[in-house]
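Have a look at structure.csv below; it lists CSV, C-alpha atoms and all ligand atoms.
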chain,number,residue,atom,x,y,z
A,4,MET,CA,11.6,7.6,-16.0
A,5,ALA,CA,10.6,10.5,-13.8
A,6,PHE,CA,11.8,11.0,-10.2
A,7,VAL,CA,10.5,8.1,-8.2
A,8,VAL,CA,10.4,7.6,-4.5
A,9,ALA,CA,9.5,4.1,-3.5
A,10,ILE,CA,8.5,3.0,0.0
A,11,ASP,CA,7.7,-0.6,1.1
A,12,GLY,CA,6.9,-1.9,4.5
A,13,PRO,CA,4.3,-3.9,6.5
A,14,ALA,CA,0.7,-2.8,7.2
A,15,GLY,CA,0.6,-0.2,9.9
A,16,SER,CA,4.2,0.9,9.7
A,17,GLY,CA,3.1,4.5,8.7
A,18,LYS,CA,3.8,4.4,5.0
A,19,GLY,CA,0.6,6.3,4.1
A,20,THR,CA,1.3,9.1,6.5
A,21,LEU,CA,4.9,9.4,5.4
A,22,ALA,CA,4.0,9.3,1.7
A,23,LYS,CA,1.5,12.1,2.2
A,24,LEU,CA,4.1,14.3,3.9
A,25,ILE,CA,6.7,13.6,1.2
A,26,SER,CA,4.2,14.2,-1.6
A,27,GLU,CA,3.4,17.7,-0.1
A,28,LYS,CA,7.0,18.6,0.6
A,29,TYR,CA,8.4,17.7,-2.8
A,30,GLY,CA,5.4,18.1,-5.0
A,31,LEU,CA,5.3,14.4,-6.0
A,32,VAL,CA,2.1,12.6,-7.0
A,33,ASN,CA,1.2,10.2,-4.2
A,34,VAL,CA,0.1,6.7,-5.2
A,35,ASP,CA,-1.3,4.3,-2.5
A,36,THR,CA,-0.8,1.0,-4.3
A,37,GLY,CA,-2.6,-1.0,-1.6
A,38,ALA,CA,-5.8,0.9,-2.4
A,39,MET,CA,-5.6,-0.4,-6.0
A,40,TYR,CA,-5.6,-4.0,-4.7
A,41,ARG,CA,-8.4,-3.0,-2.4
A,42,CYS,CA,-10.6,-1.7,-5.3
A,43,LEU,CA,-10.1,-5.0,-7.2
A,44,THR,CA,-10.9,-7.0,-4.1
A,45,LEU,CA,-14.1,-5.0,-3.5
A,46,TYR,CA,-15.3,-5.7,-7.0
A,47,LEU,CA,-14.6,-9.4,-6.7
A,48,VAL,CA,-16.1,-9.7,-3.2
A,49,ARG,CA,-19.3,-7.9,-4.4
A,50,LYS,CA,-19.5,-10.5,-7.2
A,51,GLY,CA,-19.2,-13.2,-4.6
A,52,ILE,CA,-16.0,-14.6,-6.1
A,53,THR,CA,-13.5,-16.3,-3.8
A,54,VAL,CA,-9.8,-16.5,-4.1
A,55,GLU,CA,-10.0,-20.2,-5.0
A,56,GLU,CA,-12.0,-19.3,-8.2
A,57,VAL,CA,-9.0,-18.1,-10.1
A,58,ASP,CA,-10.7,-18.6,-13.5
A,59,LYS,CA,-13.5,-16.4,-12.5
A,60,VAL,CA,-11.1,-13.8,-11.1
A,61,GLU,CA,-9.2,-13.8,-14.4
A,62,ALA,CA,-12.4,-13.5,-16.5
A,63,GLU,CA,-13.6,-10.5,-14.5
A,64,LEU,CA,-10.3,-8.5,-14.6
A,65,PRO,CA,-11.0,-6.8,-18.0
A,66,ASN,CA,-14.3,-5.5,-16.5
A,67,ILE,CA,-12.5,-3.6,-13.7
A,68,ASN,CA,-11.4,-0.1,-14.2
A,69,ILE,CA,-9.5,1.7,-11.4
A,70,ARG,CA,-9.0,5.4,-11.4
A,71,ILE,CA,-7.4,7.8,-8.9
A,72,GLU,CA,-8.5,11.3,-8.5
A,73,ARG,CA,-6.7,13.9,-6.4
A,74,ARG,CA,-8.4,16.7,-4.5
A,75,ASP,CA,-6.9,18.8,-1.7
A,76,GLY,CA,-4.0,16.5,-1.3
A,77,GLU,CA,-6.2,13.4,-0.8
A,78,GLN,CA,-6.5,10.4,-3.1
A,79,TYR,CA,-10.0,9.2,-4.1
A,80,PHE,CA,-10.4,5.8,-5.6
A,81,TYR,CA,-12.9,5.1,-8.4
A,82,LEU,CA,-14.0,1.6,-9.3
A,83,ASN,CA,-15.8,1.7,-12.7
A,84,ASP,CA,-16.6,5.4,-12.0
A,85,GLU,CA,-18.0,4.8,-8.5
A,86,ASP,CA,-16.2,6.5,-5.6
A,87,VAL,CA,-15.2,3.6,-3.3
A,88,SER,CA,-12.7,5.4,-1.2
A,89,LYS,CA,-14.5,4.6,2.0
A,90,GLU,CA,-15.8,1.1,1.1
A,91,ILE,CA,-12.3,-0.2,0.3
A,92,ARG,CA,-11.4,0.3,4.0
A,93,THR,CA,-14.2,-1.9,5.4
A,94,THR,CA,-13.8,-5.3,7.0
A,95,LYS,CA,-15.0,-7.3,4.0
A,96,VAL,CA,-12.1,-5.8,2.0
A,97,ASN,CA,-9.6,-6.0,4.9
A,98,GLU,CA,-10.2,-9.7,5.3
A,99,ASN,CA,-9.8,-10.6,1.6
A,100,VAL,CA,-7.3,-8.2,0.1
A,101,ALA,CA,-4.1,-10.0,1.1
A,102,LYS,CA,-5.5,-13.2,-0.5
A,103,PHE,CA,-6.5,-11.7,-3.9
A,104,ALA,CA,-3.2,-9.8,-3.9
A,105,GLN,CA,-1.4,-13.1,-4.0
A,106,LEU,CA,-2.7,-14.1,-7.4
A,107,LYS,CA,-0.5,-13.8,-10.4
A,108,CYS,CA,-3.3,-12.5,-12.7
A,109,VAL,CA,-4.1,-9.8,-10.3
A,110,ARG,CA,-0.5,-8.6,-10.0
A,111,ASP,CA,0.0,-8.8,-13.7
A,112,MET,CA,-2.9,-6.3,-14.1
A,113,VAL,CA,-1.9,-3.9,-11.3
A,114,THR,CA,1.9,-3.7,-11.7
A,115,PRO,CA,1.9,-2.3,-15.3
A,116,MET,CA,-0.6,0.3,-14.2
A,117,GLN,CA,1.8,1.4,-11.5
A,118,ARG,CA,4.8,1.5,-13.7
A,119,GLU,CA,2.9,3.6,-16.2
A,120,MET,CA,2.1,6.2,-13.5
A,121,GLY,CA,5.8,6.6,-12.8
A,122,LYS,CA,6.8,7.1,-16.4
A,123,THR,CA,5.5,10.6,-17.0
A,124,GLN,CA,5.2,12.2,-13.6
A,125,ASP,CA,7.3,12.4,-10.4
A,126,VAL,CA,5.8,10.0,-7.9
A,127,ILE,CA,5.9,8.8,-4.4
A,128,MET,CA,4.6,5.2,-4.4
A,129,GLU,CA,4.1,3.0,-1.4
A,130,GLY,CA,3.2,-0.6,-1.0
A,131,ARG,CA,4.8,-4.0,-0.6
A,132,ASP,CA,6.7,-4.6,-3.8
A,133,ILE,CA,7.4,-1.1,-5.1
A,134,THR,CA,11.2,-1.2,-4.3
A,135,THR,CA,11.6,-4.8,-5.4
A,136,VAL,CA,9.3,-5.4,-8.4
A,137,VAL,CA,7.5,-2.2,-9.6
A,138,PHE,CA,10.4,0.2,-9.5
A,139,PRO,CA,13.6,-1.7,-8.6
A,140,ASN,CA,15.5,1.3,-10.1
A,141,ALA,CA,13.6,4.0,-8.2
A,142,ASP,CA,15.7,7.1,-7.3
A,143,VAL,CA,15.0,6.6,-3.6
A,144,LYS,CA,14.1,3.3,-2.0
A,145,ILE,CA,12.9,3.2,1.6
A,146,TYR,CA,11.9,0.2,3.7
A,147,LEU,CA,9.7,1.5,6.6
A,148,ASP,CA,9.8,-1.1,9.3
A,149,CYS,CA,8.0,-1.3,12.7
A,150,SER,CA,7.5,-4.1,15.3
A,151,GLU,CA,4.3,-6.2,15.1
A,152,GLU,CA,3.4,-5.1,18.6
A,153,GLU,CA,3.7,-1.4,17.9
A,154,ARG,CA,1.7,-1.8,14.6
A,155,ALA,CA,-1.0,-3.6,16.5
A,156,ASN,CA,-1.0,-0.9,19.2
A,157,ARG,CA,-1.5,1.8,16.6
A,158,ARG,CA,-4.3,0.0,14.8
A,159,TYR,CA,-6.0,-0.8,18.1
A,160,LYS,CA,-5.9,2.9,19.1
A,161,GLN,CA,-7.2,3.9,15.7
A,162,ASN,CA,-10.1,1.4,16.0
A,163,LEU,CA,-11.0,2.7,19.4
A,164,GLU,CA,-11.1,6.3,18.1
A,165,LYS,CA,-13.3,5.2,15.3
A,166,GLY,CA,-15.6,3.4,17.7
A,167,ILE,CA,-14.7,-0.1,16.3
A,168,GLU,CA,-14.9,-2.7,19.1
A,169,CYS,CA,-12.0,-5.0,19.4
A,170,THR,CA,-9.3,-6.3,21.7
A,171,TYR,CA,-5.6,-5.7,21.4
A,172,GLU,CA,-5.0,-9.5,21.0
A,173,GLU,CA,-7.5,-9.7,18.1
A,174,VAL,CA,-5.7,-6.8,16.3
A,175,LEU,CA,-2.3,-8.4,16.9
A,176,LYS,CA,-3.4,-11.7,15.6
A,177,SER,CA,-4.9,-10.2,12.4
A,178,ILE,CA,-1.7,-8.2,11.8
A,179,GLN,CA,0.4,-11.3,12.2
A,180,GLU,CA,-1.8,-13.3,9.8
A,181,ARG,CA,-1.6,-10.5,7.2
A,182,ASN,CA,2.1,-10.3,7.6
A,183,ARG,CA,2.4,-14.0,7.1
A,184,LEU,CA,0.4,-13.9,3.9
A,185,GLU,CA,2.4,-10.9,2.5
A,186,THR,CA,5.9,-12.1,3.3
A,187,GLU,CA,5.4,-15.8,2.5
A,188,ARG,CA,3.6,-15.5,-0.8
A,189,GLU,CA,5.3,-16.7,-3.9
A,190,ILE,CA,4.9,-13.6,-6.2
A,191,ALA,CA,6.3,-10.2,-5.1
A,192,PRO,CA,6.5,-11.0,-1.3
A,193,LEU,CA,7.1,-8.1,1.1
A,194,THR,CA,10.9,-8.1,1.6
A,195,LYS,CA,13.5,-5.5,2.0
A,196,ALA,CA,15.3,-4.7,-1.3
A,197,GLU,CA,19.1,-5.0,-0.9
A,198,ASP,CA,19.7,-1.4,-1.6
A,199,ALA,CA,16.7,0.1,0.3
A,200,ILE,CA,17.4,2.3,3.3
A,201,VAL,CA,15.6,1.1,6.4
A,202,ILE,CA,13.8,3.5,8.7
A,203,ASP,CA,12.5,1.7,11.8
A,204,SER,CA,9.4,3.7,13.0
A,205,THR,CA,8.8,1.5,16.2
A,206,ASN,CA,10.1,4.2,18.5
A,207,LEU,CA,9.9,7.3,16.3
A,208,SER,CA,7.3,10.0,16.1
A,209,ILE,CA,5.8,11.0,12.7
A,210,PRO,CA,8.0,14.1,12.4
A,211,GLU,CA,11.1,12.0,13.2
A,212,VAL,CA,10.3,9.4,10.6
A,213,ALA,CA,9.6,12.3,8.1
A,214,GLU,CA,12.9,13.9,8.9
A,215,ALA,CA,14.8,10.7,8.3
A,216,ALA,CA,13.1,10.3,4.9
A,217,TYR,CA,13.7,13.9,3.9
A,218,LYS,CA,17.4,13.5,4.6
A,219,ILE,CA,17.6,10.5,2.2
A,220,ILE,CA,15.6,12.3,-0.5
A,221,ASP,CA,17.6,15.5,-0.2
A,222,ALA,CA,20.8,13.6,-0.5
A,223,LYS,CA,19.6,11.9,-3.7
A,224,LYS,CA,18.4,15.2,-5.1
A,225,GLU,CA,21.8,16.8,-4.4
A,226,GLU,CA,23.5,13.9,-6.1
A,227,LEU,CA,21.3,14.3,-9.2
A,228,LYS,CA,22.0,18.0,-9.6
A,301,LIG,O1,-1.3,-1.1,2.3
A,301,LIG,P1,-2.7,-1.8,2.4
A,301,LIG,O2,-3.0,-2.4,3.7
A,301,LIG,O3,-3.8,-0.9,2.0
A,301,LIG,O4,-2.6,-2.9,1.3
A,301,LIG,C1,-3.7,-3.8,1.1
A,301,LIG,C2,-3.2,-5.1,0.6
A,301,LIG,O5,-2.7,-5.1,-0.7
A,301,LIG,C3,-2.2,-5.8,1.5
A,301,LIG,O6,-2.7,-6.9,2.1
A,301,LIG,C4,-1.1,-6.2,0.6
A,301,LIG,C5,-1.5,-5.8,-0.8
A,301,LIG,N1,-0.5,-5.0,-1.5
A,301,LIG,C6,0.4,-5.7,-2.3
A,301,LIG,O7,0.4,-6.9,-2.4
A,301,LIG,N2,1.3,-5.0,-3.0
A,301,LIG,C7,1.4,-3.6,-2.9
A,301,LIG,N3,2.3,-3.0,-3.6
A,301,LIG,C8,0.5,-3.0,-2.0
A,301,LIG,C9,-0.4,-3.7,-1.3
Go ahead and render the structure in this file as structure tokens.
Ligand code: DC
Amino acid sequence: MAFVVAIDGPAGSGKGTLAKLISEKYGLVNVDTGAMYRCLTLYLVRKGITVEEVDKVEAELPNINIRIERRDGEQYFYLNDEDVSKEIRTTKVNENVAKFAQLKCVRDMVTPMQREMGKTQDVIMEGRDITTVVFPNADVKIYLDCSEEERANRRYKQNLEKGIECTYEEVLKSIQERNRLETEREIAPLTKAEDAIVIDSTNLSIPEVAEAAYKIIDAKKEELK
């Protein structure tokens, strides 16, 4: 296995931002695993398939090809050769992804793809089950936590900046619902791995979170020397 940094945590805790900074600083390939579940979800939603139709989901999986391209430090996601990087962030995907990500057949397809990526290249991978299921033996395991209220606050501000109309209460409710689905699901629920180091970003700035993570990574690199 190559050098692997694994980060898990709830939606809106800042994993994406942190992963990008770590990827740039240490030259690691950045993998946004949530986006992979989003690509699958987009494909299934377009086909009009619901999460209850597990047989149909299973039958479609071999037709789905997900590819990540990297340009100028950004990740671009291709679904069967179509760039869907923008579309996977839309409401129709947001509302369905946590449901499809609960399915065993879906996870059985995505998890091996992620493990494969960490075999031959040094990676920073973030998601919900990276420290627990995908890479339980990762060199560095971080659990990035944040209060629900602060996560809702951040998402609410982002929405306003993007011109998306919403109330704080609506955003909080949707974050709570997603959290419930992700932590209570049977397979690979979001949970802190016993040996993961927790960074709580509730009251920290982005540079402060990054500094805390760099310390953990530097210490590990020193140990491996
Ligand atoms: O990080 P995100 O919001 O883009 O993730 C989208 C969904 O994918 C989220 O609802 C949970 C799921 N997910 C998962 O089950 N396992 C992962 N490793 C990453 C994401």
Test item: residues no farther than 6 Å from ligand LIG 301 (chain A), counting only C-alpha atoms and all ligand atoms, as a CSV table (one decimal) with C-alpha atoms, in the coordinates of the input:
chain,number,residue,atom,x,y,z
A,14,ALA,CA,0.7,-2.8,7.2
A,36,THR,CA,-0.8,1.0,-4.3
A,37,GLY,CA,-2.6,-1.0,-1.6
A,38,ALA,CA,-5.8,0.9,-2.4
A,40,TYR,CA,-5.6,-4.0,-4.7
A,41,ARG,CA,-8.4,-3.0,-2.4
A,100,VAL,CA,-7.3,-8.2,0.1
A,101,ALA,CA,-4.1,-10.0,1.1
A,104,ALA,CA,-3.2,-9.8,-3.9
A,130,GLY,CA,3.2,-0.6,-1.0
A,131,ARG,CA,4.8,-4.0,-0.6
A,132,ASP,CA,6.7,-4.6,-3.8
A,133,ILE,CA,7.4,-1.1,-5.1
Please build the interface table for range 129-222 of chain A against range 16-26 of chain A with a cut-off of 12 Å, listing for each qualifying residue the nearest atom pair and the distance in Å to one decimal; count only C-alpha atoms, order rows by chain and increasing number, and write it as CSV.
residue,atom,partner,partner_atom,distance
A:Glu129,CA,A:Lys18,CA,6.6
A:Gly130,CA,A:Lys18,CA,7.8
A:Arg131,CA,A:Lys18,CA,10.1
A:Val143,CA,A:Ile25,CA,11.9
A:Ile145,CA,A:Lys18,CA,9.8
A:Tyr146,CA,A:Lys18,CA,9.2
A:Leu147,CA,A:Ser16,CA,6.3
A:Asp148,CA,A:Ser16,CA,6.0
A:Cys149,CA,A:Ser16,CA,5.3
A:Ser150,CA,A:Ser16,CA,8.2
A:Glu151,CA,A:Ser16,CA,8.9
A:Glu152,CA,A:Ser16,CA,10.8
A:Glu153,CA,A:Ser16,CA,8.5
A:Arg154,CA,A:Ser16,CA,6.1
A:Ala155,CA,A:Ser16,CA,9.7
A:Asn156,CA,A:Ser16,CA,11.0
A:Arg157,CA,A:Ser16,CA,9.0
A:Arg158,CA,A:Ser16,CA,10.0
A:Ile178,CA,A:Ser16,CA,11.0
A:Asn182,CA,A:Ser16,CA,11.6
A:Val201,CA,A:Ser16,CA,11.9
A:Ile202,CA,A:Ser16,CA,10.0
A:Asp203,CA,A:Ser16,CA,8.6
A:Ser204,CA,A:Ser16,CA,6.8
A:Thr205,CA,A:Ser16,CA,8.0
A:Asn206,CA,A:Ser16,CA,11.1
A:Leu207,CA,A:Gly17,CA,10.6
A:Ser208,CA,A:Gly17,CA,10.1
A:Ile209,CA,A:Leu21,CA,7.5
A:Pro210,CA,A:Leu21,CA,9.0
A:Glu211,CA,A:Leu21,CA,10.3
A:Val212,CA,A:Leu21,CA,7.5
A:Ala213,CA,A:Leu21,CA,6.1
A:Glu214,CA,A:Leu21,CA,9.8
A:Ala215,CA,A:Leu21,CA,10.4
A:Ala216,CA,A:Ile25,CA,8.1
A:Tyr217,CA,A:Ile25,CA,7.5
A:Lys218,CA,A:Ile25,CA,11.2
A:Ile219,CA,A:Ile25,CA,11.4
A:Ile220,CA,A:Ile25,CA,9.2
A:Asp221,CA,A:Ile25,CA,11.2
Notebook entry, point to check: What separation in Å, quoted to one decimal, exists between CA of Gly51 in chain A and CA of Met39 in chain A?
Noted result: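 Taking CA of Gly51 in chain A and CA of Met39 in chain A, their separation equals 18.7 Å.
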Notebook entry, point to check: Suppose you want the space between CA of Thr53 in chain A and CA of Ile67 in chain A; what is it in Å?
Noted result: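 Pair CA of Thr53 in chain A / CA of Ile67 in chain A returns 16.1 Å.
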Next item on the list: Identify which of the residues A:Lys95, A:Ile127, A:Thr135, A:Val60 lies closest to Glu197 in chain A, counting only C-alpha atoms when measuring atom-to-atom distances.
Entry: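 Under the stated criterion, the closest residue is A:Thr135.
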Note to self: Give me the residues near Val7 in chain A as a PyMOL selection string, where near means some atom within 10 Å (using all atoms listed in the file) and where sequence neighbours in that chain fewer than 3 positions away do not count.
What the structure shows: chain A and resi 4+10+31-32+121-122+124-128+138+140-144
Check: Pick from A:Ser88, A:Asn66, A:Thr44, A:Asn83: nearest to Gln105 in chain A, with all atoms listed in the file counted?
Finding: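 Closest residue, counting all atoms listed in the file: A:Thr44.
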Quick one: everything within 12 Å of Ile167 in chain A, counting all atoms listed in the file, minus sequence neighbours fewer than 5 positions away in the same chain. Send it as a PDB file with C-alpha atoms, in the coordinates of the input.
ATOM      1  CA  THR A  93     -14.200  -1.900   5.400  1.00  0.00           C
ATOM      2  CA  THR A  94     -13.800  -5.300   7.000  1.00  0.00           C
ATOM      3  CA  ARG A 158      -4.300   0.000  14.800  1.00  0.00           C
ATOM      4  CA  TYR A 159      -6.000  -0.800  18.100  1.00  0.00           C
ATOM      5  CA  LYS A 160      -5.900   2.900  19.100  1.00  0.00           C
ATOM      6  CA  GLN A 161      -7.200   3.900  15.700  1.00  0.00           C
ATOM      7  CA  ASN A 162     -10.100   1.400  16.000  1.00  0.00           C
ATOM      8  CA  VAL A 174      -5.700  -6.800  16.300  1.00  0.00           C
TER       9      VAL A 174
END
Next item on the list: Find the residue from A:Leu64, A:Glu98, A:Asp11, A:Phe6 that sits nearest to Ala196 in chain A; use all atoms listed in the file when measuring.
Entry: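 Closest residue, counting all atoms listed in the file: A:Asp11.
Minimum distance to Asp75 in chain A across A:Met116, A:Glu27, A:Glu61, A:Asn99 (counting all atoms listed in the file) occurs at A:Glu27.
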Atoms are missing here; could range 116-127 of chain A be completed with all heavy atoms and written as a CSV table (one decimal), in the frame of the given file?
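Writing done, so here's part-v7.csv:
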chain,number,residue,atom,x,y,z
A,116,MET,N,0.1,-0.9,-14.5
A,116,MET,CA,-0.6,0.3,-14.2
A,116,MET,C,0.3,1.3,-13.4
A,116,MET,O,0.4,2.5,-13.6
A,116,MET,CB,-1.9,0.1,-13.5
A,116,MET,CG,-3.0,-0.5,-14.3
A,116,MET,SD,-4.4,-1.0,-13.3
A,116,MET,CE,-5.0,0.5,-12.7
A,117,GLN,N,0.9,0.7,-12.4
A,117,GLN,CA,1.8,1.4,-11.5
A,117,GLN,C,3.0,1.9,-12.2
A,117,GLN,O,3.4,3.1,-12.0
A,117,GLN,CB,2.1,0.6,-10.3
A,117,GLN,CG,0.9,0.3,-9.4
A,117,GLN,CD,1.1,-0.9,-8.4
A,117,GLN,OE1,2.1,-1.6,-8.5
A,117,GLN,NE2,0.2,-1.1,-7.5
A,118,ARG,N,3.6,1.1,-13.0
A,118,ARG,CA,4.8,1.5,-13.7
A,118,ARG,C,4.5,2.6,-14.7
A,118,ARG,O,5.3,3.6,-14.8
A,118,ARG,CB,5.3,0.3,-14.6
A,118,ARG,CG,6.0,-0.7,-13.7
A,118,ARG,CD,6.9,-1.7,-14.5
A,118,ARG,NE,7.5,-2.6,-13.6
A,118,ARG,CZ,7.4,-4.0,-13.7
A,118,ARG,NH1,6.8,-4.5,-14.8
A,118,ARG,NH2,7.9,-4.8,-12.9
A,119,GLU,N,3.3,2.6,-15.3
A,119,GLU,CA,2.9,3.6,-16.2
A,119,GLU,C,2.8,5.0,-15.5
A,119,GLU,O,3.2,6.0,-16.0
A,119,GLU,CB,1.5,3.2,-16.8
A,119,GLU,CG,1.1,3.9,-18.0
A,119,GLU,CD,2.1,3.7,-19.2
A,119,GLU,OE1,2.6,2.6,-19.4
A,119,GLU,OE2,2.3,4.7,-19.9
A,120,MET,N,2.3,5.0,-14.3
A,120,MET,CA,2.1,6.2,-13.5
A,120,MET,C,3.5,6.9,-13.2
A,120,MET,O,3.6,8.1,-13.1
A,120,MET,CB,1.4,5.9,-12.2
A,120,MET,CG,0.0,5.6,-12.3
A,120,MET,SD,-0.7,5.3,-10.6
A,120,MET,CE,-2.0,4.2,-11.0
A,121,GLY,N,4.5,6.1,-13.1
A,121,GLY,CA,5.8,6.6,-12.8
A,121,GLY,C,6.7,7.0,-14.0
A,121,GLY,O,7.8,7.4,-13.9
A,122,LYS,N,6.1,6.8,-15.2
A,122,LYS,CA,6.8,7.1,-16.4
A,122,LYS,C,6.8,8.6,-16.7
A,122,LYS,O,7.8,9.2,-17.1
A,122,LYS,CB,6.1,6.4,-17.6
A,122,LYS,CG,6.8,5.1,-17.9
A,122,LYS,CD,6.2,4.6,-19.3
A,122,LYS,CE,6.6,3.1,-19.4
A,122,LYS,NZ,5.8,2.5,-20.4
A,123,THR,N,5.7,9.2,-16.5
A,123,THR,CA,5.5,10.6,-17.0
A,123,THR,C,5.4,11.7,-15.9
A,123,THR,O,5.4,12.8,-16.2
A,123,THR,CB,4.2,10.7,-17.9
A,123,THR,OG1,3.2,10.1,-17.1
A,123,THR,CG2,4.4,10.0,-19.2
A,124,GLN,N,5.3,11.2,-14.7
A,124,GLN,CA,5.2,12.2,-13.6
A,124,GLN,C,6.1,11.7,-12.4
A,124,GLN,O,6.3,10.6,-12.2
A,124,GLN,CB,3.7,12.3,-13.1
A,124,GLN,CG,3.1,10.9,-12.9
A,124,GLN,CD,1.6,11.0,-12.7
A,124,GLN,OE1,1.0,12.0,-12.8
A,124,GLN,NE2,1.0,9.8,-12.5
A,125,ASP,N,6.5,12.7,-11.6
A,125,ASP,CA,7.3,12.4,-10.4
A,125,ASP,C,6.4,11.8,-9.4
A,125,ASP,O,5.4,12.5,-9.0
A,125,ASP,CB,8.0,13.7,-9.9
A,125,ASP,CG,9.0,14.2,-10.9
A,125,ASP,OD1,9.4,13.4,-11.8
A,125,ASP,OD2,9.4,15.4,-10.8
A,126,VAL,N,6.7,10.7,-8.8
A,126,VAL,CA,5.8,10.0,-7.9
A,126,VAL,C,6.4,9.6,-6.6
A,126,VAL,O,7.6,9.3,-6.5
A,126,VAL,CB,5.1,8.8,-8.5
A,126,VAL,CG1,4.2,9.1,-9.7
A,126,VAL,CG2,6.1,7.7,-9.0
A,127,ILE,N,5.6,9.5,-5.6
A,127,ILE,CA,5.9,8.8,-4.4
A,127,ILE,C,4.9,7.6,-4.3
A,127,ILE,O,3.7,7.8,-4.3
A,127,ILE,CB,5.8,9.7,-3.1
A,127,ILE,CG1,5.7,8.8,-1.8
A,127,ILE,CG2,4.7,10.6,-3.1
A,127,ILE,CD1,7.0,8.4,-1.2
